[in-house]
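Q: File name data_5.cif; file contents mmCIF, C-alpha atoms; full text below.
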```cif
data_model
#
loop_
_atom_site.label_atom_id
_atom_site.label_comp_id
_atom_site.auth_asym_id
_atom_site.auth_seq_id
_atom_site.Cartn_x
_atom_site.Cartn_y
_atom_site.Cartn_z
CA MET A 1 55.95 -93.93 97.87
CA SER A 2 58.08 -90.87 97.17
CA LEU A 3 58.40 -89.32 93.71
CA THR A 4 61.98 -90.58 93.54
CA ASP A 5 60.77 -94.11 94.30
CA SER A 6 58.08 -93.88 91.62
CA ILE A 7 60.60 -92.70 89.03
CA ASP A 8 63.17 -95.31 90.06
CA ALA A 9 60.52 -98.02 89.63
CA LEU A 10 60.21 -97.06 85.94
CA LEU A 11 63.94 -97.18 85.17
CA PRO A 12 65.52 -100.37 83.77
CA GLN A 13 68.12 -100.67 86.56
CA THR A 14 71.01 -101.46 84.23
CA GLN A 15 73.21 -99.03 86.23
CA CYS A 16 74.98 -98.21 82.96
CA THR A 17 75.59 -94.51 83.86
CA GLN A 18 74.92 -93.44 80.25
CA CYS A 19 72.48 -90.87 81.62
CA GLY A 20 75.41 -89.05 83.21
CA TYR A 21 74.56 -90.15 86.75
CA ASP A 22 76.16 -92.86 88.87
CA GLY A 23 73.27 -95.30 88.52
CA CYS A 24 69.50 -95.33 88.15
CA ARG A 25 68.69 -94.05 91.65
CA PRO A 26 70.77 -90.87 91.33
CA TYR A 27 69.14 -90.23 87.95
CA ALA A 28 65.72 -90.71 89.55
CA GLN A 29 66.64 -88.23 92.29
CA ALA A 30 67.75 -85.69 89.68
CA LEU A 31 64.48 -86.16 87.78
CA ALA A 32 62.43 -85.75 90.93
CA SER A 33 64.15 -82.47 91.72
CA GLY A 34 63.78 -81.17 88.16
CA GLN A 35 67.53 -81.22 87.51
CA ALA A 36 67.52 -83.77 84.66
CA ALA A 37 65.57 -84.41 81.46
CA ILE A 38 63.41 -87.50 80.96
CA ASN A 39 65.21 -88.56 77.77
CA ARG A 40 68.61 -89.63 79.08
CA CYS A 41 68.10 -93.41 79.45
CA PRO A 42 69.22 -95.34 76.33
CA PRO A 43 68.44 -98.81 77.78
CA GLY A 44 64.88 -97.73 78.56
CA GLY A 45 64.36 -96.04 75.20
CA LYS A 46 60.96 -94.69 74.16
CA PRO A 47 58.88 -96.81 76.59
CA VAL A 48 60.69 -95.39 79.63
CA ILE A 49 60.60 -91.86 78.22
CA ARG A 50 56.83 -92.14 77.70
CA ALA A 51 56.32 -93.57 81.20
CA LEU A 52 58.39 -90.79 82.76
CA ALA A 53 56.54 -88.15 80.76
CA GLU A 54 53.20 -89.48 81.98
CA LEU A 55 54.36 -89.66 85.59
CA LEU A 56 55.88 -86.18 85.59
CA ASN A 57 53.20 -84.64 83.39
CA THR A 58 55.73 -83.39 80.87
CA PRO A 59 55.98 -83.65 77.05
CA VAL A 60 57.50 -86.77 75.50
CA LEU A 61 60.99 -86.14 74.10
CA ASP A 62 63.23 -88.00 71.70
CA LEU A 63 66.13 -89.89 73.28
CA ASP A 64 69.10 -87.57 73.83
CA PRO A 65 71.72 -88.84 71.33
CA SER A 66 74.55 -87.59 73.53
CA CYS A 67 73.66 -90.37 76.00
CA GLY A 68 73.79 -93.16 73.40
CA ILE A 69 71.27 -95.13 71.36
CA HIS A 70 68.61 -97.62 72.36
CA GLN A 71 69.64 -101.21 71.59
CA PRO A 72 68.10 -104.65 72.11
CA PHE A 73 68.82 -106.25 75.46
CA LYS A 74 72.31 -107.73 75.47
CA ILE A 75 74.48 -109.42 78.09
CA ALA A 76 78.24 -109.72 78.47
CA LEU A 77 80.13 -112.79 77.33
CA ILE A 78 83.76 -113.46 78.29
CA ASP A 79 86.00 -115.33 75.87
CA GLU A 80 87.35 -117.52 78.64
CA GLU A 81 90.22 -118.85 76.51
CA HIS A 82 91.71 -115.35 76.32
CA CYS A 83 90.83 -114.13 79.83
CA ILE A 84 93.99 -113.36 81.83
CA GLY A 85 92.29 -113.10 85.22
CA CYS A 86 93.05 -109.42 85.80
CA THR A 87 89.78 -108.86 87.80
CA LEU A 88 89.18 -105.45 86.17
CA CYS A 89 85.79 -106.53 84.82
CA ILE A 90 84.80 -107.83 88.25
CA GLN A 91 85.65 -104.46 89.75
CA ALA A 92 83.63 -102.63 87.08
CA CYS A 93 80.45 -104.72 87.29
CA PRO A 94 77.79 -102.89 89.33
CA VAL A 95 75.69 -105.99 90.04
CA ASP A 96 78.27 -108.68 90.89
CA ALA A 97 77.46 -110.56 87.68
CA ILE A 98 81.07 -111.62 87.02
CA ILE A 99 82.88 -114.22 89.10
CA GLY A 100 86.50 -115.32 89.11
CA ALA A 101 89.74 -114.70 90.94
CA ASN A 102 93.08 -113.03 90.38
CA GLN A 103 94.97 -114.75 87.52
CA LEU A 104 92.12 -117.23 87.09
CA MET A 105 89.44 -117.36 84.40
CA HIS A 106 86.37 -115.15 84.86
CA THR A 107 82.83 -115.88 83.73
CA VAL A 108 79.53 -113.99 83.57
CA LEU A 109 76.44 -114.99 85.55
CA THR A 110 74.03 -114.46 82.69
CA ASP A 111 70.92 -114.28 84.87
CA GLN A 112 72.45 -111.35 86.79
CA CYS A 113 73.99 -109.38 83.92
CA THR A 114 72.09 -106.17 83.15
CA GLY A 115 73.92 -105.47 79.90
CA CYS A 116 75.40 -102.19 81.16
CA GLU A 117 78.66 -102.76 79.20
CA ARG A 118 80.76 -101.27 82.00
CA CYS A 119 82.99 -104.35 81.99
CA VAL A 120 83.95 -104.01 78.31
CA ALA A 121 86.25 -100.98 78.34
CA PRO A 122 88.48 -102.03 81.30
CA CYS A 123 89.35 -105.42 79.75
CA PRO A 124 93.01 -105.18 78.64
CA VAL A 125 92.76 -108.08 76.18
CA ASP A 126 89.38 -107.18 74.67
CA CYS A 127 87.86 -110.56 75.48
CA ILE A 128 84.39 -109.32 76.49
CA THR A 129 81.62 -108.91 73.95
CA MET A 130 77.95 -108.01 74.28
CA VAL A 131 75.62 -110.62 72.79
CA PRO A 132 71.88 -110.29 72.08
CA THR A 133 69.55 -112.14 74.41
CA GLY A 134 66.78 -112.47 71.84
CA ARG A 135 64.22 -110.99 74.22
CA ASP A 136 63.14 -107.65 75.63
CA TRP A 137 64.14 -106.25 79.00
CA THR A 138 61.39 -106.85 81.56
CA LEU A 139 60.25 -105.39 84.85
CA GLU A 140 61.43 -108.62 86.48
CA ASP A 141 64.91 -108.02 85.06
CA ALA A 142 64.81 -104.49 86.46
CA GLN A 143 63.82 -105.67 89.93
CA ARG A 144 66.55 -108.32 89.90
CA GLY A 145 69.10 -105.75 88.76
CA ARG A 146 68.07 -103.34 91.52
CA THR A 147 68.34 -106.09 94.13
CA HIS A 148 71.84 -107.15 93.08
CA PHE A 149 72.98 -103.52 92.81
CA ASN A 150 71.73 -102.77 96.33
CA GLN A 151 73.30 -105.94 97.72
CA ARG A 152 76.64 -104.97 96.21
CA ASN A 153 76.43 -101.45 97.65
CA THR A 154 75.63 -102.90 101.06
CA ARG A 155 78.73 -105.07 100.84
CA LEU A 156 80.83 -102.03 99.90
CA GLN A 157 79.45 -100.06 102.83
CA ARG A 158 80.46 -102.84 105.20
CA ARG A 159 83.99 -102.98 103.85
CA HIS A 160 84.82 -99.34 103.22
CA GLU A 161 83.97 -95.92 104.54
CA GLU A 162 84.42 -94.29 101.10
CA THR A 163 81.38 -96.02 99.61
CA ALA A 164 80.19 -93.52 97.04
CA GLY A 165 82.90 -93.48 94.41
CA PRO A 166 84.81 -95.77 92.09
CA VAL A 167 87.68 -96.09 94.58
CA ALA A 168 85.42 -97.97 96.98
CA ARG A 169 84.10 -100.23 94.26
CA THR A 170 87.65 -101.06 93.19
CA LEU A 171 88.95 -101.74 96.70
CA ALA A 172 85.99 -103.92 97.63
CA ASN A 173 86.62 -106.22 94.71
CA LYS A 174 90.39 -106.42 94.93
CA PRO A 175 91.62 -109.93 95.74
CA ALA A 176 93.37 -110.25 99.07
CA VAL A 177 97.18 -110.09 98.96
CA SER A 178 99.04 -111.96 101.65
CA THR A 179 102.49 -110.46 101.02
CA PRO A 180 103.62 -107.18 99.46
CA ALA A 181 104.17 -107.54 95.73
CA ASN A 182 107.19 -106.21 93.90
CA PRO A 183 105.85 -103.64 91.37
CA GLU A 184 108.35 -104.74 88.75
CA ASP A 185 107.34 -108.38 89.16
CA LYS A 186 103.67 -107.42 88.86
CA GLN A 187 104.29 -105.48 85.65
CA ALA A 188 106.27 -108.38 84.25
CA ARG A 189 103.42 -110.82 85.02
CA ILE A 190 100.89 -108.55 83.35
CA ALA A 191 103.10 -108.13 80.29
CA LEU A 192 103.57 -111.90 80.07
CA ALA A 193 99.82 -112.51 80.39
CA LEU A 194 99.09 -109.99 77.67
CA ALA A 195 101.69 -111.57 75.41
CA ARG A 196 100.12 -115.00 75.93
CA ALA A 197 96.67 -113.63 75.12
CA ARG A 198 97.89 -111.97 71.92
CA ALA A 199 99.73 -115.13 70.88
CA LYS A 200 96.56 -117.20 71.33
CA ARG A 201 94.60 -114.82 69.15
CA GLN A 202 97.19 -115.02 66.40
#
```
As C-alpha cells, what does this structure read like?
A:
Amino acid sequence: MSLTDSIDALLPQTQCTQCGYDGCRPYAQALASGQAAINRCPPGGKPVIRALAELLNTPVLDLDPSCGIHQPFKIALIDEEHCIGCTLCIQACPVDAIIGANQLMHTVLTDQCTGCERCVAPCPVDCITMVPTGRDWTLEDAQRGRTHFNQRNTRLQRRHEETAGPVARTLANKPAVSTPANPEDKQARIALALARARAKRQ
C-alpha cells in the first residue's frame, strides 16, 4: 500500500473540500508529498489529526480554524414541500446521495449521505438542512462514502472527457433535454417556482 493509500484510509471520505482540496484523495496526495498540513480535516477532527500524526511521524496539531470546526456527524434533509426540483443539489452531491428529476421533488438517500454540506449552498429556496444523526462517523461510513464517490467519478469519466472539474460534475447530472428551451421561458419558470416556494413558507 502506498503512503497516499495509507493516508486516504484514515480520512473520513466526506468529500467536503473544507481542507482546500477537491476531495479526500487529493488531500491525501498533498499530505504524502509534504505539501499540506495534517490539521485541515474538520469532519475528522482530533482523531484523524492524531492518526495522521502517528502515521507521518509528525507532531499533533490543533485543527486549523480556517478550514472550519469539527461537528457531530450530520446528514442532509430536504424539505420536500418546498423543493422546486431545480437539480442543483443533485449536481453538487459528490456521492450521488440525492435523487430526483428536473421540476420534481428531490430526496436524500440517508444511508449514502456523508454530511459534506455541499448541497446546502446551491439550493435557491433554502430547503436543505443538516440534521444530527445521533451517532459518530465510522470507518464503515468512510468506506461506503469512498465507494459511492468512486462510482460517481467513474460515471463522469464515461460521460465526459473533462472529468476533473465542476463543469463535468454539472454536465453529468443535468437532466436530458429533448428540445431547445427558450431562455426567457426558463427564467419565467424558475421565477414562478421561487414565488410558489416563498408563498408556501409564508
Q: Using 8 Å as the limit and counting all atoms listed in the file, can you tabulate each residue of stretch 54-106 of chain A that touches stretch 121-124 of chain A, with its shortest atom-to-atom distance in Å and the two atoms involved, as JSON lines?
A:
```
{"residue": "A:Leu88", "atom": "CA", "partner": "A:Pro122", "partner_atom": "CA", "distance": 6.0}
{"residue": "A:Cys89", "atom": "CA", "partner": "A:Cys123", "partner_atom": "CA", "distance": 6.3}
{"residue": "A:Ala92", "atom": "CA", "partner": "A:Pro122", "partner_atom": "CA", "distance": 7.6}
```
Q: Within 12 Å of stretch 38-49 of chain A, counting all atoms listed in the file, which residues qualify if same-chain residues fewer than 3 places away don't, as a VMD selection string?
A: chain A and resid 7 to 21 23 to 24 27 to 35 52 to 74 114 to 117 136 to 139 142
Q: Take atom CA of A:Gly85 and atom CA of A:Ile128 and report the distance between them in Å, one decimal.
A: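 For atom CA of A:Gly85 relative to atom CA of A:Ile128, the distance reads 12.4 Å.
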Q: Can you measure atom CA of A:Arg135 to atom CA of A:Ala36 for me? One decimal in Å is fine.
A: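 Spanning atom CA of A:Arg135 to atom CA of A:Ala36 is a straight-line distance of 29.3 Å.
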Q: Quick one: residues within 10 Å of A:Asn150, all atoms listed in the file counted, chain neighbours fewer than 6 positions away excluded, as a ChimeraX atom specification?
A: /A:94-95,144,156
Q: What is the distance, in Å and to one decimal place, between atom CA of A:Gln157 and atom CA of A:Ile84?
A: 28.8 Å
Q: May I have the residues within 10 Å of A:Ala76 as a ChimeraX atom specification, using all atoms listed in the file and disregarding those fewer than 6 positions away in the same chain?
A: /A:97-98,107-110,113-120,128-133
Q: Take stretch 43-63 of chain A, model N, CA and C atoms, and hand the result over as a PDB file, in the frame of the given file.
A:
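And here's selection-v3.pdb as it stands now:
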```pdb
ATOM      1  N   PRO A  43      68.999 -97.457  77.618  1.00  0.00           N
ATOM      2  CA  PRO A  43      68.440 -98.810  77.780  1.00  0.00           C
ATOM      3  C   PRO A  43      66.913 -98.807  77.836  1.00  0.00           C
ATOM      4  N   GLY A  44      66.339 -97.793  78.450  1.00  0.00           N
ATOM      5  CA  GLY A  44      64.880 -97.730  78.560  1.00  0.00           C
ATOM      6  C   GLY A  44      64.210 -97.319  77.265  1.00  0.00           C
ATOM      7  N   GLY A  45      64.892 -96.460  76.488  1.00  0.00           N
ATOM      8  CA  GLY A  45      64.360 -96.040  75.200  1.00  0.00           C
ATOM      9  C   GLY A  45      63.024 -95.318  75.307  1.00  0.00           C
ATOM     10  N   LYS A  46      62.246 -95.401  74.242  1.00  0.00           N
ATOM     11  CA  LYS A  46      60.960 -94.690  74.160  1.00  0.00           C
ATOM     12  C   LYS A  46      59.966 -95.117  75.240  1.00  0.00           C
ATOM     13  N   PRO A  47      59.852 -96.433  75.545  1.00  0.00           N
ATOM     14  CA  PRO A  47      58.880 -96.810  76.590  1.00  0.00           C
ATOM     15  C   PRO A  47      59.124 -96.127  77.931  1.00  0.00           C
ATOM     16  N   VAL A  48      60.381 -96.033  78.345  1.00  0.00           N
ATOM     17  CA  VAL A  48      60.690 -95.390  79.630  1.00  0.00           C
ATOM     18  C   VAL A  48      60.465 -93.890  79.525  1.00  0.00           C
ATOM     19  N   ILE A  49      60.830 -93.294  78.403  1.00  0.00           N
ATOM     20  CA  ILE A  49      60.600 -91.860  78.220  1.00  0.00           C
ATOM     21  C   ILE A  49      59.108 -91.545  78.312  1.00  0.00           C
ATOM     22  N   ARG A  50      58.286 -92.352  77.656  1.00  0.00           N
ATOM     23  CA  ARG A  50      56.830 -92.140  77.700  1.00  0.00           C
ATOM     24  C   ARG A  50      56.289 -92.305  79.122  1.00  0.00           C
ATOM     25  N   ALA A  51      56.779 -93.327  79.827  1.00  0.00           N
ATOM     26  CA  ALA A  51      56.320 -93.570  81.200  1.00  0.00           C
ATOM     27  C   ALA A  51      56.712 -92.418  82.117  1.00  0.00           C
ATOM     28  N   LEU A  52      57.941 -91.917  81.947  1.00  0.00           N
ATOM     29  CA  LEU A  52      58.390 -90.790  82.760  1.00  0.00           C
ATOM     30  C   LEU A  52      57.597 -89.530  82.439  1.00  0.00           C
ATOM     31  N   ALA A  53      57.309 -89.323  81.159  1.00  0.00           N
ATOM     32  CA  ALA A  53      56.540 -88.150  80.760  1.00  0.00           C
ATOM     33  C   ALA A  53      55.146 -88.171  81.382  1.00  0.00           C
ATOM     34  N   GLU A  54      54.534 -89.354  81.393  1.00  0.00           N
ATOM     35  CA  GLU A  54      53.200 -89.480  81.980  1.00  0.00           C
ATOM     36  C   GLU A  54      53.252 -89.237  83.487  1.00  0.00           C
ATOM     37  N   LEU A  55      54.242 -89.818  84.143  1.00  0.00           N
ATOM     38  CA  LEU A  55      54.360 -89.660  85.590  1.00  0.00           C
ATOM     39  C   LEU A  55      54.607 -88.207  85.979  1.00  0.00           C
ATOM     40  N   LEU A  56      55.467 -87.539  85.233  1.00  0.00           N
ATOM     41  CA  LEU A  56      55.880 -86.180  85.590  1.00  0.00           C
ATOM     42  C   LEU A  56      55.065 -85.109  84.873  1.00  0.00           C
ATOM     43  N   ASN A  57      54.080 -85.580  84.091  1.00  0.00           N
ATOM     44  CA  ASN A  57      53.200 -84.640  83.390  1.00  0.00           C
ATOM     45  C   ASN A  57      54.011 -83.650  82.551  1.00  0.00           C
ATOM     46  N   THR A  58      54.857 -84.205  81.710  1.00  0.00           N
ATOM     47  CA  THR A  58      55.730 -83.390  80.870  1.00  0.00           C
ATOM     48  C   THR A  58      55.717 -83.958  79.455  1.00  0.00           C
ATOM     49  N   PRO A  59      56.024 -83.150  78.438  1.00  0.00           N
ATOM     50  CA  PRO A  59      55.980 -83.650  77.050  1.00  0.00           C
ATOM     51  C   PRO A  59      56.978 -84.779  76.806  1.00  0.00           C
ATOM     52  N   VAL A  60      56.614 -85.692  75.923  1.00  0.00           N
ATOM     53  CA  VAL A  60      57.500 -86.770  75.500  1.00  0.00           C
ATOM     54  C   VAL A  60      58.612 -86.184  74.637  1.00  0.00           C
ATOM     55  N   LEU A  61      59.835 -86.623  74.865  1.00  0.00           N
ATOM     56  CA  LEU A  61      60.990 -86.140  74.100  1.00  0.00           C
ATOM     57  C   LEU A  61      61.647 -87.304  73.374  1.00  0.00           C
ATOM     58  N   ASP A  62      62.394 -86.990  72.336  1.00  0.00           N
ATOM     59  CA  ASP A  62      63.230 -88.000  71.700  1.00  0.00           C
ATOM     60  C   ASP A  62      64.423 -88.293  72.590  1.00  0.00           C
ATOM     61  N   LEU A  63      64.955 -89.510  72.493  1.00  0.00           N
ATOM     62  CA  LEU A  63      66.130 -89.890  73.280  1.00  0.00           C
ATOM     63  C   LEU A  63      67.286 -88.948  72.966  1.00  0.00           C
TER      64      LEU A  63
END
```
